[in-house]
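Participant: Handing you this structure, nothing more for now.
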Amino acid sequence: MSSRTFAMIKPDAVSRGLSGKIISRIETSGMKVVALRRILMTPAQAQGFYIEHKDRPFYGSLTGYMSSGPCYIAVLEGDNAQVKWREIMGATNPADAAEGTIRKEMAVDLEKNSVHGSDSAQSAAREVSYFFAEADIVS
Ligand code: CMP
């Protein structure tokens, strides 16, 4: 069944000119990019987005990094989109990511890991609506 998920291309990938390559992988997988925007998050926006990690030791560094440069945010649509996008991204830590995944091939380190994807259907709904109105999404 077709569903939606939230995707983000992080500042390390945007600054190295990898955005087109990442979007191409999404499209090649059969998923559709149904919303896309370039943003520069404020620290407060990044803190709100990653609120579930607020007690983790990396929260300050992560939210500082995510507001340090432009990102692309997107909504992806397709069969099992949330699980499929996470498979294409690979493990959070590029050192653990499988061959052929975005993080294995492009990530710098655990923080600068090039891409983000929602980790559940519930997070996908929250993350999509954090940045996009329904009118921004065109199937
Ligand atoms: P992301 O999928 O965006 O979700 C949370 C982010 O925190 C993660 O990718 C990494 O960029 C970053 N991060 C930094 N340190 C850690 C850690 N020890 N465990 C998980 N995520 C981390």
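For the structure tokens, the naming scheme is as follows: chains receive sequential letters (A, B, ...) according to their order of presentation, residues are indexed from 1 within each chain, and ligands are indexed from 1 in presentation order.
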Which of range 5-113 of chain A counts as alpha helix (DSSP H) under DSSP, as a CSV table (one decimal) with N, CA, C and O atoms, in the first residue's frame please?

Facilitator:
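Result file follows (result.csv):
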chain,number,residue,atom,x,y,z
A,11,PRO,N,23.2,19.0,5.7
A,11,PRO,CA,24.2,20.0,5.2
A,11,PRO,C,25.5,19.5,4.6
A,11,PRO,O,26.0,20.0,3.6
A,12,ASP,N,26.0,18.4,5.2
A,12,ASP,CA,27.2,17.8,4.6
A,12,ASP,C,27.1,17.4,3.2
A,12,ASP,O,28.0,17.5,2.3
A,13,ALA,N,25.9,16.8,2.9
A,13,ALA,CA,25.7,16.3,1.5
A,13,ALA,C,25.3,17.4,0.6
A,13,ALA,O,25.8,17.5,-0.6
A,14,VAL,N,24.5,18.4,1.1
A,14,VAL,CA,24.2,19.6,0.2
A,14,VAL,C,25.4,20.3,-0.2
A,14,VAL,O,25.6,20.7,-1.3
A,15,SER,N,26.3,20.5,0.8
A,15,SER,CA,27.5,21.4,0.6
A,15,SER,C,28.5,20.7,-0.4
A,15,SER,O,29.3,21.3,-1.0
A,19,SER,N,23.1,16.3,-3.6
A,19,SER,CA,21.7,16.3,-3.5
A,19,SER,C,21.0,15.6,-4.7
A,19,SER,O,20.1,14.8,-4.6
A,20,GLY,N,21.5,16.0,-5.9
A,20,GLY,CA,20.9,15.4,-7.1
A,20,GLY,C,21.1,13.9,-7.2
A,20,GLY,O,20.2,13.2,-7.6
A,21,LYS,N,22.3,13.4,-6.8
A,21,LYS,CA,22.6,12.0,-6.8
A,21,LYS,C,21.6,11.3,-5.8
A,21,LYS,O,21.1,10.2,-6.1
A,22,ILE,N,21.4,11.9,-4.7
A,22,ILE,CA,20.5,11.3,-3.6
A,22,ILE,C,19.1,11.2,-4.1
A,22,ILE,O,18.4,10.2,-4.0
A,23,ILE,N,18.6,12.3,-4.8
A,23,ILE,CA,17.2,12.4,-5.3
A,23,ILE,C,17.1,11.3,-6.4
A,23,ILE,O,16.1,10.7,-6.5
A,24,SER,N,18.1,11.2,-7.2
A,24,SER,CA,18.1,10.2,-8.3
A,24,SER,C,17.9,8.8,-7.7
A,24,SER,O,17.2,8.0,-8.3
A,25,ARG,N,18.6,8.5,-6.6
A,25,ARG,CA,18.4,7.2,-6.0
A,25,ARG,C,17.0,6.9,-5.5
A,25,ARG,O,16.5,5.8,-5.6
A,26,ILE,N,16.4,8.0,-5.0
A,26,ILE,CA,15.0,7.9,-4.5
A,26,ILE,C,14.1,7.5,-5.7
A,26,ILE,O,13.3,6.6,-5.7
A,27,GLU,N,14.3,8.3,-6.8
A,27,GLU,CA,13.4,8.1,-8.0
A,27,GLU,C,13.7,6.7,-8.6
A,27,GLU,O,12.8,6.0,-9.1
A,28,THR,N,15.0,6.3,-8.7
A,28,THR,CA,15.3,5.0,-9.3
A,28,THR,C,14.7,3.9,-8.5
A,28,THR,O,14.3,2.8,-9.0
A,43,PRO,N,18.4,27.3,15.0
A,43,PRO,CA,18.7,26.3,16.0
A,43,PRO,C,17.4,25.8,16.7
A,43,PRO,O,17.2,24.7,17.0
A,44,ALA,N,16.4,26.8,16.9
A,44,ALA,CA,15.2,26.4,17.6
A,44,ALA,C,14.4,25.4,16.8
A,44,ALA,O,13.8,24.4,17.3
A,45,GLN,N,14.4,25.6,15.4
A,45,GLN,CA,13.7,24.7,14.6
A,45,GLN,C,14.3,23.3,14.6
A,45,GLN,O,13.6,22.3,14.6
A,46,ALA,N,15.6,23.2,14.6
A,46,ALA,CA,16.3,22.0,14.6
A,46,ALA,C,16.1,21.3,16.0
A,46,ALA,O,15.9,20.1,16.1
A,47,GLN,N,16.1,22.1,17.1
A,47,GLN,CA,15.8,21.5,18.4
A,47,GLN,C,14.4,20.9,18.5
A,47,GLN,O,14.2,19.8,19.0
A,48,GLY,N,13.5,21.6,17.9
A,48,GLY,CA,12.1,21.1,17.9
A,48,GLY,C,12.0,19.8,17.0
A,48,GLY,O,11.3,18.8,17.4
A,49,PHE,N,12.7,19.8,15.9
A,49,PHE,CA,12.6,18.6,15.0
A,49,PHE,C,13.1,17.4,15.7
A,49,PHE,O,12.6,16.3,15.6
A,59,TYR,N,22.7,15.9,21.4
A,59,TYR,CA,21.6,16.8,21.0
A,59,TYR,C,22.1,18.2,20.6
A,59,TYR,O,21.7,18.7,19.6
A,60,GLY,N,23.0,18.8,21.5
A,60,GLY,CA,23.5,20.1,21.2
A,60,GLY,C,24.3,20.2,19.9
A,60,GLY,O,24.1,21.1,19.1
A,61,SER,N,25.2,19.2,19.8
A,61,SER,CA,26.0,19.2,18.6
A,61,SER,C,25.2,19.0,17.3
A,61,SER,O,25.4,19.6,16.3
A,62,LEU,N,24.3,18.0,17.4
A,62,LEU,CA,23.4,17.7,16.3
A,62,LEU,C,22.6,18.8,15.8
A,62,LEU,O,22.5,19.2,14.6
A,63,THR,N,21.9,19.5,16.8
A,63,THR,CA,21.0,20.6,16.4
A,63,THR,C,21.9,21.8,15.9
A,63,THR,O,21.4,22.6,15.0
A,64,GLY,N,23.1,22.0,16.4
A,64,GLY,CA,24.0,23.1,15.9
A,64,GLY,C,24.4,22.8,14.5
A,64,GLY,O,24.3,23.6,13.6
A,65,TYR,N,24.8,21.5,14.3
A,65,TYR,CA,25.2,21.1,12.9
A,65,TYR,C,24.0,21.2,11.9
A,65,TYR,O,24.2,21.7,10.8
A,66,MET,N,22.8,20.8,12.3
A,66,MET,CA,21.7,20.8,11.4
A,66,MET,C,21.2,22.2,11.0
A,66,MET,O,20.5,22.4,10.0
A,81,ALA,N,7.0,3.3,2.0
A,81,ALA,CA,8.0,4.3,1.8
A,81,ALA,C,8.9,4.5,3.0
A,81,ALA,O,10.1,4.7,2.9
A,82,GLN,N,8.3,4.4,4.2
A,82,GLN,CA,9.2,4.7,5.4
A,82,GLN,C,10.3,3.6,5.6
A,82,GLN,O,11.5,4.0,5.8
A,83,VAL,N,9.9,2.4,5.4
A,83,VAL,CA,10.9,1.3,5.5
A,83,VAL,C,11.9,1.3,4.3
A,83,VAL,O,13.1,1.2,4.5
A,84,LYS,N,11.3,1.5,3.1
A,84,LYS,CA,12.1,1.5,1.9
A,84,LYS,C,13.2,2.6,2.0
A,84,LYS,O,14.4,2.4,1.6
A,85,TRP,N,12.8,3.9,2.4
A,85,TRP,CA,13.8,5.0,2.4
A,85,TRP,C,14.9,4.6,3.4
A,85,TRP,O,16.1,4.9,3.2
A,86,ARG,N,14.5,4.0,4.6
A,86,ARG,CA,15.6,3.7,5.5
A,86,ARG,C,16.5,2.6,5.0
A,86,ARG,O,17.7,2.6,5.3
A,87,GLU,N,16.0,1.7,4.2
A,87,GLU,CA,16.9,0.7,3.6
A,87,GLU,C,17.9,1.4,2.6
A,87,GLU,O,19.1,1.0,2.6
A,88,ILE,N,17.4,2.3,1.8
A,88,ILE,CA,18.2,3.0,0.8
A,88,ILE,C,19.3,3.9,1.6
A,88,ILE,O,20.4,4.0,1.1
A,89,MET,N,18.9,4.5,2.7
A,89,MET,CA,19.9,5.3,3.5
A,89,MET,C,21.0,4.5,4.1
A,89,MET,O,22.1,4.9,4.1
A,102,ILE,N,23.3,4.8,0.8
A,102,ILE,CA,23.8,6.2,0.7
A,102,ILE,C,24.8,6.5,1.8
A,102,ILE,O,25.9,7.1,1.6
A,103,ARG,N,24.5,6.1,3.0
A,103,ARG,CA,25.4,6.4,4.1
A,103,ARG,C,26.8,5.7,4.0
A,103,ARG,O,27.8,6.3,4.3
A,104,LYS,N,26.8,4.5,3.5
A,104,LYS,CA,28.0,3.8,3.3
A,104,LYS,C,28.9,4.6,2.3
A,104,LYS,O,30.1,4.7,2.4
A,105,GLU,N,28.2,5.0,1.2
A,105,GLU,CA,29.0,5.7,0.1
A,105,GLU,C,29.3,7.1,0.3
A,105,GLU,O,30.3,7.7,-0.2
A,106,MET,N,28.4,7.8,1.0
A,106,MET,CA,28.5,9.3,1.0
A,106,MET,C,28.7,9.9,2.4
A,106,MET,O,29.2,11.1,2.5

Participant: If we count only C-alpha atoms and set the cut-off at 7 Å, which residues sit around Cys71 in chain A, ignoring sequence neighbours fewer than 5 positions away in its own chain? Please answer as number ranges by chain.

Facilitator: A: 8-11, 14, 38-40

Participant: Do a neighbour search on Ala121 in chain A at 10 Å with only C-alpha atoms, toss out local chain neighbours closer than 4 positions, and write the hits as a PyMOL selection string.

Facilitator: chain A and resi 3-6+80-83+125-127

Participant: Using only C-alpha atoms and all ligand atoms, what are the residues with an atom within 6 Å of ligand 1, set out as a PyMOL selection string?

Facilitator: chain A and resi 58+62+92+110-113+116-117

Participant: Could you turn the residues from that selection into a file that holds C-alpha atoms, as a short mmCIF file (atom, residue, chain, number, x, y, z; two decimals), in the first residue's frame?

Facilitator:
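The result, written out as part31.cif:
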data_model
loop_
_atom_site.label_atom_id
_atom_site.label_comp_id
_atom_site.auth_asym_id
_atom_site.auth_seq_id
_atom_site.Cartn_x
_atom_site.Cartn_y
_atom_site.Cartn_z
CA PHE A 58 24.76 14.57 21.07
CA LEU A 62 23.43 17.66 16.28
CA THR A 92 22.68 5.59 11.12
CA LEU A 110 27.87 9.43 12.60
CA GLU A 111 26.65 13.04 12.88
CA LYS A 112 27.33 14.16 9.30
CA ASN A 113 25.55 11.11 7.93
CA HIS A 116 17.62 11.53 7.53
CA GLY A 117 14.48 9.42 7.34
#

Participant: Please provide as a list of chain:residue names all residues within 7 Å of Val33 in chain A, with the sequence filter that same-chain residues fewer than 5 positions apart are discarded (counting only C-alpha atoms).

Facilitator: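 Counting only the stated atoms, we get A:Ala74, A:Val75, A:Leu76, A:Glu77.
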
Participant: Between CA of Pro94 in chain A and CA of Ala107 in chain A, measure the distance and give it in Å to one decimal.

Facilitator: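 Interatomic distance here is 6.1 Å.
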